[in-house]
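Visitor: run-v8.cif is reproduced below (mmCIF, C-alpha atoms).
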```
data_data
#
loop_
_atom_site.group_PDB
_atom_site.id
_atom_site.type_symbol
_atom_site.label_atom_id
_atom_site.label_comp_id
_atom_site.auth_asym_id
_atom_site.auth_seq_id
_atom_site.Cartn_x
_atom_site.Cartn_y
_atom_site.Cartn_z
ATOM 1 C CA MET A 1 -6.915 5.078 -60.619
ATOM 2 C CA THR A 2 -3.788 3.570 -59.019
ATOM 3 C CA THR A 3 -3.837 -0.057 -57.937
ATOM 4 C CA ASP A 4 -3.039 -1.058 -54.372
ATOM 5 C CA GLN A 5 0.342 -2.376 -55.524
ATOM 6 C CA ASN A 6 1.265 1.126 -56.695
ATOM 7 C CA GLN A 7 -0.038 2.990 -53.671
ATOM 8 C CA ARG A 8 2.413 5.083 -51.674
ATOM 9 C CA MET A 9 3.117 3.618 -48.239
ATOM 10 C CA GLN A 10 0.856 5.153 -45.610
ATOM 11 C CA LEU A 11 2.414 6.154 -42.291
ATOM 12 C CA VAL A 12 0.100 5.460 -39.350
ATOM 13 C CA ASP A 13 0.618 6.789 -35.824
ATOM 14 C CA ILE A 14 -1.272 4.882 -33.113
ATOM 15 C CA VAL A 15 -1.642 7.169 -30.101
ATOM 16 C CA LEU A 16 -1.793 5.440 -26.718
ATOM 17 C CA SER A 17 -2.558 6.781 -23.258
ATOM 18 C CA ASP A 18 -2.439 4.863 -19.971
ATOM 19 C CA GLY A 19 -5.464 2.605 -19.735
ATOM 20 C CA PHE A 20 -5.701 2.094 -23.492
ATOM 21 C CA VAL A 21 -8.059 -0.661 -24.626
ATOM 22 C CA ILE A 22 -6.481 -3.823 -26.039
ATOM 23 C CA THR A 23 -9.531 -4.580 -28.190
ATOM 24 C CA GLU A 24 -9.062 -1.302 -30.026
ATOM 25 C CA LEU A 25 -5.311 -1.780 -30.411
ATOM 26 C CA SER A 26 -5.931 -5.202 -31.954
ATOM 27 C CA GLY A 27 -8.576 -3.780 -34.265
ATOM 28 C CA VAL A 28 -6.133 -1.211 -35.613
ATOM 29 C CA VAL A 29 -2.984 -3.334 -35.813
ATOM 30 C CA ASP A 30 -4.571 -6.555 -37.100
ATOM 31 C CA VAL A 31 -6.314 -4.810 -39.987
ATOM 32 C CA LEU A 32 -3.152 -2.925 -41.016
ATOM 33 C CA ARG A 33 -0.979 -6.027 -40.669
ATOM 34 C CA LEU A 34 -3.354 -8.186 -42.704
ATOM 35 C CA ALA A 35 -3.683 -5.490 -45.366
ATOM 36 C CA ASN A 36 0.087 -5.597 -45.836
ATOM 37 C CA ARG A 37 0.000 -9.389 -46.022
ATOM 38 C CA VAL A 38 -2.825 -9.571 -48.548
ATOM 39 C CA VAL A 39 -1.439 -6.797 -50.758
ATOM 40 C CA GLY A 40 2.023 -8.363 -50.604
ATOM 41 C CA GLN A 41 3.865 -5.195 -49.647
ATOM 42 C CA THR A 42 4.160 -2.774 -46.735
ATOM 43 C CA LEU A 43 1.244 -0.549 -47.626
ATOM 44 C CA PHE A 44 0.856 0.602 -44.005
ATOM 45 C CA SER A 45 3.756 1.353 -41.670
ATOM 46 C CA PHE A 46 2.689 1.979 -38.082
ATOM 47 C CA ARG A 47 4.230 2.937 -34.769
ATOM 48 C CA TYR A 48 3.077 3.573 -31.209
ATOM 49 C CA VAL A 49 3.226 7.117 -29.867
ATOM 50 C CA SER A 50 2.200 8.675 -26.565
ATOM 51 C CA PRO A 51 2.217 12.121 -24.923
ATOM 52 C CA GLU A 52 5.447 11.052 -23.201
ATOM 53 C CA GLU A 53 8.057 8.619 -24.487
ATOM 54 C CA GLY A 54 8.272 5.307 -22.637
ATOM 55 C CA ILE A 55 6.082 2.528 -21.301
ATOM 56 C CA VAL A 56 2.297 2.831 -21.646
ATOM 57 C CA LYS A 57 0.066 0.484 -19.655
ATOM 58 C CA SER A 58 -3.200 -0.892 -21.000
ATOM 59 C CA SER A 59 -6.410 -1.521 -19.064
ATOM 60 C CA ALA A 60 -5.484 -5.239 -19.179
ATOM 61 C CA ASP A 61 -2.101 -4.628 -17.476
ATOM 62 C CA THR A 62 -0.097 -5.209 -20.638
ATOM 63 C CA TRP A 63 2.646 -2.805 -21.598
ATOM 64 C CA LEU A 64 3.904 -1.186 -24.785
ATOM 65 C CA ASN A 65 6.875 1.059 -25.439
ATOM 66 C CA ALA A 66 5.937 4.250 -27.287
ATOM 67 C CA VAL A 67 7.817 7.179 -28.758
ATOM 68 C CA ALA A 68 6.845 10.734 -27.851
ATOM 69 C CA LEU A 69 4.210 12.538 -29.863
ATOM 70 C CA PRO A 70 6.025 14.325 -32.687
ATOM 71 C CA LYS A 71 6.257 18.108 -32.658
ATOM 72 C CA THR A 72 5.695 18.072 -36.407
ATOM 73 C CA PRO A 73 3.578 15.054 -37.438
ATOM 74 C CA GLU A 74 4.410 13.296 -40.674
ATOM 75 C CA ALA A 75 1.820 10.520 -40.490
ATOM 76 C CA ASP A 76 -0.854 10.158 -43.150
ATOM 77 C CA ILE A 77 -3.270 8.601 -40.658
ATOM 78 C CA VAL A 78 -3.370 8.909 -36.876
ATOM 79 C CA VAL A 79 -5.559 6.767 -34.641
ATOM 80 C CA PHE A 80 -6.196 7.898 -31.063
ATOM 81 C CA LEU A 81 -7.232 4.921 -28.923
ATOM 82 C CA GLY A 82 -9.763 5.170 -26.134
ATOM 83 C CA ASN A 83 -8.947 4.123 -22.591
ATOM 84 C CA SER A 84 -10.666 2.628 -19.568
ATOM 85 C CA ASN A 85 -11.332 5.956 -17.832
ATOM 86 C CA LEU A 86 -14.424 7.730 -19.099
ATOM 87 C CA ASN A 87 -13.388 10.830 -17.125
ATOM 88 C CA PHE A 88 -10.017 10.905 -18.874
ATOM 89 C CA THR A 89 -8.984 14.284 -20.217
ATOM 90 C CA SER A 90 -5.657 15.180 -21.744
ATOM 91 C CA ARG A 91 -4.557 18.599 -22.914
ATOM 92 C CA GLU A 92 -1.654 16.917 -24.692
ATOM 93 C CA ILE A 93 -3.997 14.698 -26.690
ATOM 94 C CA GLU A 94 -6.183 17.663 -27.594
ATOM 95 C CA LYS A 95 -3.147 19.623 -28.813
ATOM 96 C CA ALA A 96 -1.939 16.593 -30.755
ATOM 97 C CA VAL A 97 -5.233 16.292 -32.645
ATOM 98 C CA HIS A 98 -4.862 19.844 -33.894
ATOM 99 C CA LYS A 99 -1.235 19.270 -34.875
ATOM 100 C CA TYR A 100 -2.166 16.237 -36.963
ATOM 101 C CA ARG A 101 -5.079 18.090 -38.521
ATOM 102 C CA TYR A 102 -2.786 20.971 -39.436
ATOM 103 C CA ALA A 103 -0.435 18.426 -41.039
ATOM 104 C CA ASN A 104 -3.408 17.215 -43.139
ATOM 105 C CA ALA A 105 -3.486 13.711 -41.625
ATOM 106 C CA LEU A 106 -6.683 11.699 -41.414
ATOM 107 C CA VAL A 107 -7.542 11.781 -37.693
ATOM 108 C CA VAL A 108 -9.410 8.813 -36.215
ATOM 109 C CA LEU A 109 -10.665 9.143 -32.632
ATOM 110 C CA LEU A 110 -11.990 6.079 -30.837
ATOM 111 C CA ALA A 111 -14.426 6.026 -27.896
ATOM 112 C CA GLU A 112 -13.037 8.192 -25.046
ATOM 113 C CA ALA A 113 -10.668 10.006 -27.410
ATOM 114 C CA ALA A 114 -13.694 10.963 -29.503
ATOM 115 C CA ALA A 115 -15.542 12.101 -26.376
ATOM 116 C CA ILE A 116 -12.612 14.379 -25.439
ATOM 117 C CA TYR A 117 -12.652 15.888 -28.906
ATOM 118 C CA ILE A 118 -16.423 16.416 -28.846
ATOM 119 C CA SER A 119 -16.273 18.017 -25.401
ATOM 120 C CA ALA A 120 -13.472 20.395 -26.360
ATOM 121 C CA ASN A 121 -14.616 21.370 -29.839
ATOM 122 C CA SER A 122 -18.364 21.380 -30.010
ATOM 123 C CA ASP A 123 -21.296 23.159 -28.433
ATOM 124 C CA ASP A 124 -23.336 20.126 -29.394
ATOM 125 C CA GLY A 125 -22.683 16.646 -30.684
ATOM 126 C CA ILE A 126 -23.970 17.100 -34.212
ATOM 127 C CA GLY A 127 -21.501 15.702 -36.708
ATOM 128 C CA HIS A 128 -19.715 13.445 -34.217
ATOM 129 C CA THR A 129 -20.117 10.189 -32.342
ATOM 130 C CA THR A 130 -18.550 8.222 -29.514
ATOM 131 C CA HIS A 131 -19.358 5.061 -27.572
ATOM 132 C CA TRP A 132 -22.887 5.177 -26.143
ATOM 133 C CA GLU A 133 -21.570 5.140 -22.551
ATOM 134 C CA ASN A 134 -19.583 8.286 -23.268
ATOM 135 C CA ARG A 135 -22.615 9.829 -24.930
ATOM 136 C CA LEU A 136 -24.620 9.412 -21.736
ATOM 137 C CA LEU A 137 -21.864 11.081 -19.725
ATOM 138 C CA LEU A 138 -21.528 13.999 -22.139
ATOM 139 C CA GLU A 139 -25.272 14.541 -21.995
ATOM 140 C CA GLU A 140 -25.408 14.376 -18.216
ATOM 141 C CA LYS A 141 -22.231 16.268 -17.305
ATOM 142 C CA SER A 142 -21.659 18.666 -20.200
ATOM 143 C CA GLY A 143 -25.115 19.165 -21.661
ATOM 144 C CA ILE A 144 -23.904 18.041 -25.088
ATOM 145 C CA PHE A 145 -26.739 16.437 -27.030
ATOM 146 C CA ASP A 146 -27.469 15.203 -30.547
ATOM 147 C CA ILE A 147 -24.392 12.971 -30.664
ATOM 148 C CA ALA A 148 -24.895 10.579 -33.558
ATOM 149 C CA PRO A 149 -25.870 7.009 -32.560
ATOM 150 C CA SER A 150 -23.835 5.520 -35.433
ATOM 151 C CA LEU A 151 -20.573 3.563 -35.249
ATOM 152 C CA ALA A 152 -18.606 6.407 -36.815
ATOM 153 C CA VAL A 153 -18.948 9.852 -38.341
ATOM 154 C CA SER A 154 -16.499 11.371 -40.818
ATOM 155 C CA THR A 155 -16.318 15.168 -40.975
ATOM 156 C CA ASP A 156 -13.520 17.244 -42.500
ATOM 157 C CA LYS A 157 -10.843 14.504 -42.218
ATOM 158 C CA VAL A 158 -11.812 13.753 -38.611
ATOM 159 C CA VAL A 159 -13.467 10.408 -37.917
ATOM 160 C CA THR A 160 -15.088 10.033 -34.501
ATOM 161 C CA CYS A 161 -15.949 6.441 -33.598
ATOM 162 C CA ALA A 162 -17.561 4.187 -31.019
ATOM 163 C CA GLY A 163 -14.381 2.103 -30.683
ATOM 164 C CA LEU A 164 -14.159 -1.326 -29.039
ATOM 165 C CA VAL A 165 -15.106 -4.146 -31.462
ATOM 166 C CA SER A 166 -16.350 -1.650 -34.069
ATOM 167 C CA THR A 167 -12.697 -0.607 -34.484
ATOM 168 C CA TYR A 168 -12.318 -3.520 -36.916
ATOM 169 C CA ASP A 169 -15.177 -2.191 -39.055
ATOM 170 C CA ILE A 170 -13.824 1.353 -38.932
ATOM 171 C CA MET A 171 -10.290 0.354 -39.917
ATOM 172 C CA LEU A 172 -11.542 -1.882 -42.720
ATOM 173 C CA GLN A 173 -13.537 1.037 -44.107
ATOM 174 C CA ILE A 174 -10.418 3.230 -43.949
ATOM 175 C CA VAL A 175 -8.232 0.572 -45.585
ATOM 176 C CA ALA A 176 -10.858 0.252 -48.338
ATOM 177 C CA ALA A 177 -9.605 3.545 -49.793
ATOM 178 C CA PHE A 178 -6.216 1.949 -50.497
ATOM 179 C CA VAL A 179 -6.940 -1.632 -51.608
ATOM 180 C CA SER A 180 -9.180 -3.325 -54.124
ATOM 181 C CA LYS A 181 -12.558 -4.628 -53.035
ATOM 182 C CA ALA A 182 -11.415 -8.213 -53.581
ATOM 183 C CA LYS A 183 -8.484 -7.719 -51.236
ATOM 184 C CA LEU A 184 -10.697 -5.993 -48.669
ATOM 185 C CA LEU A 185 -13.033 -9.001 -48.717
ATOM 186 C CA THR A 186 -10.028 -11.270 -48.233
ATOM 187 C CA ILE A 187 -8.871 -9.276 -45.202
ATOM 188 C CA SER A 188 -12.339 -9.389 -43.616
ATOM 189 C CA SER A 189 -12.594 -13.115 -44.359
ATOM 190 C CA ILE A 190 -9.291 -13.801 -42.596
ATOM 191 C CA LEU A 191 -10.715 -11.949 -39.592
ATOM 192 C CA LEU A 192 -13.833 -14.181 -39.903
ATOM 193 C CA LEU A 193 -16.034 -11.163 -40.498
ATOM 194 C CA ASP A 194 -18.855 -11.971 -42.896
ATOM 195 C CA LYS A 195 -19.897 -8.338 -43.053
ATOM 196 C CA VAL A 196 -18.101 -5.023 -42.642
ATOM 197 C CA ARG A 197 -20.466 -2.578 -40.981
ATOM 198 C CA SER A 198 -20.711 0.907 -42.460
ATOM 199 C CA PHE A 199 -20.097 4.103 -40.514
ATOM 200 C CA GLU A 200 -23.852 4.723 -40.500
ATOM 201 C CA THR A 201 -24.653 1.461 -38.667
ATOM 202 C CA ARG A 202 -26.446 2.249 -35.424
ATOM 203 C CA GLN A 203 -24.643 1.341 -32.205
ATOM 204 C CA PRO A 204 -26.366 -1.225 -30.000
ATOM 205 C CA GLY A 205 -27.058 0.633 -26.770
ATOM 206 C CA ALA A 206 -27.577 -0.673 -23.273
ATOM 207 C CA MET A 207 -29.875 -3.708 -23.541
ATOM 208 C CA ASP A 208 -30.737 -2.961 -27.186
ATOM 209 C CA ALA A 209 -29.283 -6.315 -28.203
ATOM 210 C CA LEU A 210 -31.766 -8.122 -25.985
ATOM 211 C CA SER A 211 -34.697 -6.768 -27.925
ATOM 212 C CA ALA A 212 -33.420 -6.412 -31.477
ATOM 213 C CA GLY A 213 -35.690 -8.270 -33.863
ATOM 214 C CA LYS A 214 -37.872 -9.692 -31.117
ATOM 215 C CA ASP A 215 -40.901 -7.457 -31.421
ATOM 216 C CA SER A 216 -41.388 -3.935 -32.782
ATOM 217 C CA HIS A 217 -43.559 -2.966 -29.799
ATOM 218 C CA ILE A 218 -40.804 -4.043 -27.406
ATOM 219 C CA ASP A 219 -38.192 -2.088 -29.367
ATOM 220 C CA HIS A 220 -40.394 1.005 -29.268
ATOM 221 C CA ALA A 221 -41.084 0.542 -25.559
ATOM 222 C CA ILE A 222 -37.363 0.280 -24.766
ATOM 223 C CA LYS A 223 -36.627 3.445 -26.758
ATOM 224 C CA LEU A 224 -39.293 5.242 -24.726
ATOM 225 C CA MET A 225 -37.717 3.907 -21.532
ATOM 226 C CA GLN A 226 -34.252 5.064 -22.597
ATOM 227 C CA SER A 227 -35.617 8.519 -23.374
ATOM 228 C CA ASN A 228 -37.349 8.772 -19.996
ATOM 229 C CA ILE A 229 -34.778 7.676 -17.423
ATOM 230 C CA GLU A 230 -34.930 10.667 -15.074
ATOM 231 C CA GLU A 231 -38.732 10.647 -14.910
ATOM 232 C CA PRO A 232 -39.769 7.024 -15.544
ATOM 233 C CA LEU A 233 -43.058 6.321 -17.247
ATOM 234 C CA LYS A 234 -45.581 3.991 -15.700
ATOM 235 C CA THR A 235 -46.295 0.734 -17.510
ATOM 236 C CA THR A 236 -49.793 2.018 -18.231
ATOM 237 C CA GLU A 237 -48.291 5.115 -19.880
ATOM 238 C CA LEU A 238 -45.913 2.999 -21.970
ATOM 239 C CA ALA A 239 -48.762 0.772 -23.107
ATOM 240 C CA ALA A 240 -50.942 3.747 -23.991
ATOM 241 C CA ALA A 241 -48.115 5.349 -26.019
ATOM 242 C CA LEU A 242 -47.825 2.108 -27.985
ATOM 243 C CA GLY A 243 -51.553 1.634 -28.459
ATOM 244 C CA GLN A 244 -51.388 -1.555 -26.377
ATOM 245 C CA THR A 245 -53.171 -2.738 -23.290
ATOM 246 C CA THR A 246 -51.041 -3.004 -20.177
ATOM 247 C CA ARG A 247 -51.612 -6.751 -20.027
ATOM 248 C CA SER A 248 -50.625 -7.229 -23.678
ATOM 249 C CA LEU A 249 -47.361 -5.307 -23.201
ATOM 250 C CA GLU A 250 -46.539 -7.313 -20.077
ATOM 251 C CA ARG A 251 -47.129 -10.595 -21.930
ATOM 252 C CA GLN A 252 -44.814 -9.514 -24.779
ATOM 253 C CA PHE A 253 -42.002 -8.593 -22.376
ATOM 254 C CA LEU A 254 -42.359 -11.829 -20.454
ATOM 255 C CA ARG A 255 -42.434 -13.902 -23.650
ATOM 256 C CA HIS A 256 -39.405 -12.302 -25.329
ATOM 257 C CA LEU A 257 -37.293 -10.978 -22.434
ATOM 258 C CA GLY A 258 -38.392 -13.089 -19.493
ATOM 259 C CA ARG A 259 -39.227 -10.127 -17.288
ATOM 260 C CA SER A 260 -41.966 -7.557 -16.834
ATOM 261 C CA PRO A 261 -41.700 -4.063 -18.365
ATOM 262 C CA GLY A 262 -41.314 -2.608 -14.875
ATOM 263 C CA ARG A 263 -38.431 -4.906 -13.985
ATOM 264 C CA PHE A 264 -36.707 -4.314 -17.330
ATOM 265 C CA TYR A 265 -37.099 -0.539 -16.916
ATOM 266 C CA ARG A 266 -35.640 -0.695 -13.405
ATOM 267 C CA GLU A 267 -32.643 -2.702 -14.653
ATOM 268 C CA LEU A 268 -32.063 -0.164 -17.408
ATOM 269 C CA ARG A 269 -32.012 2.667 -14.851
ATOM 270 C CA LEU A 270 -29.766 0.722 -12.484
ATOM 271 C CA ILE A 271 -27.294 0.059 -15.281
ATOM 272 C CA ARG A 272 -27.249 3.800 -16.022
ATOM 273 C CA ALA A 273 -26.704 4.515 -12.310
ATOM 274 C CA GLN A 274 -23.812 2.048 -12.107
ATOM 275 C CA ASN A 275 -22.218 3.705 -15.122
ATOM 276 C CA PHE A 276 -22.423 7.106 -13.441
ATOM 277 C CA LEU A 277 -21.061 5.764 -10.135
ATOM 278 C CA VAL A 278 -18.021 4.234 -11.807
ATOM 279 C CA ASN A 279 -17.326 6.897 -14.385
ATOM 280 C CA THR A 280 -18.366 10.268 -12.961
ATOM 281 C CA ASP A 281 -17.926 12.351 -9.827
ATOM 282 C CA MET A 282 -21.648 13.039 -9.512
ATOM 283 C CA SER A 283 -22.919 12.667 -5.963
ATOM 284 C CA ILE A 284 -24.976 9.594 -5.138
ATOM 285 C CA LEU A 285 -28.027 11.809 -4.627
ATOM 286 C CA GLU A 286 -27.514 13.370 -8.068
ATOM 287 C CA ILE A 287 -27.176 9.934 -9.654
ATOM 288 C CA ALA A 288 -30.317 8.691 -7.944
ATOM 289 C CA ALA A 289 -32.275 11.671 -9.263
ATOM 290 C CA ALA A 290 -30.788 11.378 -12.765
ATOM 291 C CA CYS A 291 -31.879 7.742 -12.933
ATOM 292 C CA GLY A 292 -35.383 8.220 -11.586
ATOM 293 C CA PHE A 293 -34.867 6.887 -8.057
ATOM 294 C CA GLY A 294 -35.873 8.380 -4.747
ATOM 295 C CA SER A 295 -34.748 7.723 -1.183
ATOM 296 C CA ASN A 296 -34.939 3.960 -1.815
ATOM 297 C CA PHE A 297 -32.106 4.065 -4.378
ATOM 298 C CA GLY A 298 -29.494 2.473 -2.119
ATOM 299 C CA LYS A 299 -31.758 -0.424 -1.166
ATOM 300 C CA ILE A 300 -32.792 -1.146 -4.776
ATOM 301 C CA TYR A 301 -29.221 -0.835 -6.013
ATOM 302 C CA LYS A 302 -27.870 -3.272 -3.414
ATOM 303 C CA ALA A 303 -30.612 -5.791 -4.129
ATOM 304 C CA TYR A 304 -29.551 -5.789 -7.800
ATOM 305 C CA TYR A 305 -25.748 -5.518 -7.569
ATOM 306 C CA GLY A 306 -25.119 -7.051 -4.146
ATOM 307 C CA LYS A 307 -23.335 -3.924 -2.919
ATOM 308 C CA THR A 308 -24.264 -0.368 -2.065
ATOM 309 C CA PRO A 309 -23.683 2.613 -4.369
ATOM 310 C CA ARG A 310 -20.999 3.838 -1.960
ATOM 311 C CA GLU A 311 -19.196 0.468 -2.092
ATOM 312 C CA THR A 312 -19.284 0.549 -5.880
ATOM 313 C CA ARG A 313 -17.682 3.979 -5.913
ATOM 314 C CA LYS A 314 -14.990 2.966 -3.435
ATOM 315 C CA GLU A 315 -14.039 -0.004 -5.635
ATOM 316 C CA ARG A 316 -13.498 2.409 -8.510
ATOM 317 C CA LEU A 317 -10.889 4.256 -6.451
ATOM 318 C CA VAL A 318 -8.908 1.157 -5.430
#
```
Kindly return the structure encoded in the file as structure tokens.
Guide:
Amino acid sequence: MTTDQNQRMQLVDIVLSDGFVITELSGVVDVLRLANRVVGQTLFSFRYVSPEEGIVKSSADTWLNAVALPKTPEADIVVFLGNSNLNFTSREIEKAVHKYRYANALVVLLAEAAAIYISANSDDGIGHTTHWENRLLLEEKSGIFDIAPSLAVSTDKVVTCAGLVSTYDIMLQIVAAFVSKAKLLTISSILLLDKVRSFETRQPGAMDALSAGKDSHIDHAIKLMQSNIEEPLKTTELAAALGQTTRSLERQFLRHLGRSPGRFYRELRLIRAQNFLVNTDMSILEIAAACGFGSNFGKIYKAYYGKTPRETRKERLV
């Protein structure tokens, strides 16, 4: 087996589209840059590319200059960044993925880029993943289910990923194929990461982090809530499904989360509704129904967010 000092330099294309996410760019570039530093040679050479040559603007209003996507890719690895628009679609990006695959490059698709690939290439989500927000949209708008809940999935030299902060984990796992374990640990230590999460690590979903490790009954209750958004269960039904009394379940929620099961459930549905308002073109009536609300949706939404569903949608368009 060759050592990292004898490895051939890997060419990496980082594909940007308007609205790209700075967190993901940092996750890619910092890991590659530190790998070069720790190995003591340019093991990874990277450049920024885009469907059109020129300036590309991030979601944080920063700018990068990119070259045009190559007609004949030569990169060994290509990373497609997500962007801030969950409705984003790009025929150019889709064509580019196939070009890189044909050139035998390892294709890494983060967040929205992964969602585009899943939508265009799969009748279902089996064998792929994306950020959990995108998963909800693909389920609701495209009827694509069974998307893996993990941070990443690798299938036939295509890696679909959740993106955002998990980009660091994903890139470290990719770099691991080219450097020794000792050097990989050094890179992660410089980044102050005490653990590199595997591809199989489950994504924390909406509000999952609030409950993790608190109480197994609460975790189970929240999973039931997340699986029954359109037709919410009553607290009595949740308690019965868990083999608990209603009062016992309420006490556990109040003790660990500071709110009743009913209030927590309502917040979960409102968060889902806000996601749909900002990131889809579903009508407000459709969103209300999809999130288990009736004619009182507008009133409940405003009480929680301080603005109406219509005002939220208008802000998206500004």
Visitor: Write out as a list in words each polymer residue whose atoms come within 6 Å of Ile77 in chain A, counting all atoms listed in the file; drop sequence neighbours fewer than 2 positions from it.
Guide: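 Residues meeting the cut-off are Val12, Ala75, Ala105 and Leu106 of chain A.
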Visitor: Taking only C-alpha atoms into account, which of A:Asn83, A:Thr129, A:Ser216, A:Thr186 comes nearest Leu34 in chain A?
Guide: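 Of all the options, A:Thr186 lies closest to Leu34 in chain A.
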Visitor: Selection in question (the file shown): the PyMOL selection byres ((chain A and resi 108) around 12). Which residues does it include, as a PyMOL selection string?
Guide: chain A and resi 12-15+24+28+76-82+97+100-101+105-107+109-114+117+128-130+152-163+167+170-171+173-174
Visitor: Since we have the selection now, will you write its residues out, keeping C-alpha atoms, as an mmCIF file, in the coordinates of the input?
Guide:
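Okay, part-v2.cif is ready:
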```cif
data_model
loop_
_atom_site.group_PDB
_atom_site.id
_atom_site.type_symbol
_atom_site.label_atom_id
_atom_site.label_comp_id
_atom_site.auth_asym_id
_atom_site.auth_seq_id
_atom_site.Cartn_x
_atom_site.Cartn_y
_atom_site.Cartn_z
ATOM 1 C CA VAL A 12 0.100 5.460 -39.350
ATOM 2 C CA ASP A 13 0.618 6.789 -35.824
ATOM 3 C CA ILE A 14 -1.272 4.882 -33.113
ATOM 4 C CA VAL A 15 -1.642 7.169 -30.101
ATOM 5 C CA GLU A 24 -9.062 -1.302 -30.026
ATOM 6 C CA VAL A 28 -6.133 -1.211 -35.613
ATOM 7 C CA ASP A 76 -0.854 10.158 -43.150
ATOM 8 C CA ILE A 77 -3.270 8.601 -40.658
ATOM 9 C CA VAL A 78 -3.370 8.909 -36.876
ATOM 10 C CA VAL A 79 -5.559 6.767 -34.641
ATOM 11 C CA PHE A 80 -6.196 7.898 -31.063
ATOM 12 C CA LEU A 81 -7.232 4.921 -28.923
ATOM 13 C CA GLY A 82 -9.763 5.170 -26.134
ATOM 14 C CA VAL A 97 -5.233 16.292 -32.645
ATOM 15 C CA TYR A 100 -2.166 16.237 -36.963
ATOM 16 C CA ARG A 101 -5.079 18.090 -38.521
ATOM 17 C CA ALA A 105 -3.486 13.711 -41.625
ATOM 18 C CA LEU A 106 -6.683 11.699 -41.414
ATOM 19 C CA VAL A 107 -7.542 11.781 -37.693
ATOM 20 C CA LEU A 109 -10.665 9.143 -32.632
ATOM 21 C CA LEU A 110 -11.990 6.079 -30.837
ATOM 22 C CA ALA A 111 -14.426 6.026 -27.896
ATOM 23 C CA GLU A 112 -13.037 8.192 -25.046
ATOM 24 C CA ALA A 113 -10.668 10.006 -27.410
ATOM 25 C CA ALA A 114 -13.694 10.963 -29.503
ATOM 26 C CA TYR A 117 -12.652 15.888 -28.906
ATOM 27 C CA HIS A 128 -19.715 13.445 -34.217
ATOM 28 C CA THR A 129 -20.117 10.189 -32.342
ATOM 29 C CA THR A 130 -18.550 8.222 -29.514
ATOM 30 C CA ALA A 152 -18.606 6.407 -36.815
ATOM 31 C CA VAL A 153 -18.948 9.852 -38.341
ATOM 32 C CA SER A 154 -16.499 11.371 -40.818
ATOM 33 C CA THR A 155 -16.318 15.168 -40.975
ATOM 34 C CA ASP A 156 -13.520 17.244 -42.500
ATOM 35 C CA LYS A 157 -10.843 14.504 -42.218
ATOM 36 C CA VAL A 158 -11.812 13.753 -38.611
ATOM 37 C CA VAL A 159 -13.467 10.408 -37.917
ATOM 38 C CA THR A 160 -15.088 10.033 -34.501
ATOM 39 C CA CYS A 161 -15.949 6.441 -33.598
ATOM 40 C CA ALA A 162 -17.561 4.187 -31.019
ATOM 41 C CA GLY A 163 -14.381 2.103 -30.683
ATOM 42 C CA THR A 167 -12.697 -0.607 -34.484
ATOM 43 C CA ILE A 170 -13.824 1.353 -38.932
ATOM 44 C CA MET A 171 -10.290 0.354 -39.917
ATOM 45 C CA GLN A 173 -13.537 1.037 -44.107
ATOM 46 C CA ILE A 174 -10.418 3.230 -43.949
#
```
Visitor: List every protein, DNA or RNA residue with an atom no more than 12 Å from (-18.1, -4.3, -43.4) in the file's coordinates, counting all atoms listed in the file, and format the result as JSON, numbers by chain.
Guide: {"A": [151, 166, 167, 168, 169, 170, 171, 172, 173, 174, 175, 176, 181, 184, 185, 186, 187, 188, 189, 191, 192, 193, 194, 195, 196, 197, 198, 199, 200, 201]}
Visitor: Translate the PyMOL selection byres ((chain A and resi 272) around 12) into a concrete residue list for this structure, as an NGL selection string.
Guide: :A and (132-137 or 140 or 205-207 or 225-226 or 228-230 or 265-271 or 273-280 or 287-293 or 301)
Visitor: So how far away is CA of Asp281 in chain A from CA of Phe264 in chain A, in Å?
Guide: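 CA of Asp281 in chain A lies at a distance of 26.2 Å from CA of Phe264 in chain A.
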Visitor: So the first atom is CA of His98 in chain A and the second is CA of Leu11 in chain A; what is the distance between them in Å, to one decimal place?
Guide: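 Interatomic distance here is 17.6 Å.
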Visitor: Calculate how many Å separate CA of Tyr304 in chain A from CA of Gly258 in chain A, rounding to one decimal.
Guide: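 These atoms are spaced 16.4 Å apart.
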Visitor: Once 3 Å is added on each side, what are the centre and the three edge lengths, in Å to one decimal, of the axis-aligned box enclosing the listed atoms of range 92-105 of chain A? Present them as lines of an AutoDock Vina configuration file.
Guide:
```
center_x = -3.3
center_y = 17.3
center_z = -33.9
size_x = 11.7
size_y = 13.3
size_z = 24.4
```
Visitor: Do you know which residues are at most 12 Å from Leu254 in chain A counting all atoms listed in the file, after dropping those on the same chain fewer than 3 positions away, and could you put them as number ranges by chain?
Guide: A: 211, 214-215, 218, 247-251, 257-264
Visitor: Could you check which of A:Leu32, A:Leu69, A:Ala221, A:Leu64 is closest to Gly19 in chain A, using only C-alpha atoms?
Guide: A:Leu64
Visitor: Evaluate the PyMOL selection byres ((chain A and resi 238) around 10) against this structure - the residues, as an MDAnalysis selection string, please.
Guide: chainID A and resid 220:222 224:225 232:237 239:246 249 261
Visitor: Using only C-alpha atoms, please write the residues we just selected to a file, as a compact mmCIF listing (two decimals), in the coordinates of the input.
Guide:
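part-v3.txt written:
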```
# COMPACT_ATOMS: atom_id res chain seq x y z
CA HIS A 220 -40.39 1.00 -29.27
CA ALA A 221 -41.08 0.54 -25.56
CA ILE A 222 -37.36 0.28 -24.77
CA LEU A 224 -39.29 5.24 -24.73
CA MET A 225 -37.72 3.91 -21.53
CA PRO A 232 -39.77 7.02 -15.54
CA LEU A 233 -43.06 6.32 -17.25
CA LYS A 234 -45.58 3.99 -15.70
CA THR A 235 -46.30 0.73 -17.51
CA THR A 236 -49.79 2.02 -18.23
CA GLU A 237 -48.29 5.12 -19.88
CA ALA A 239 -48.76 0.77 -23.11
CA ALA A 240 -50.94 3.75 -23.99
CA ALA A 241 -48.12 5.35 -26.02
CA LEU A 242 -47.82 2.11 -27.98
CA GLY A 243 -51.55 1.63 -28.46
CA GLN A 244 -51.39 -1.56 -26.38
CA THR A 245 -53.17 -2.74 -23.29
CA THR A 246 -51.04 -3.00 -20.18
CA LEU A 249 -47.36 -5.31 -23.20
CA PRO A 261 -41.70 -4.06 -18.36
```
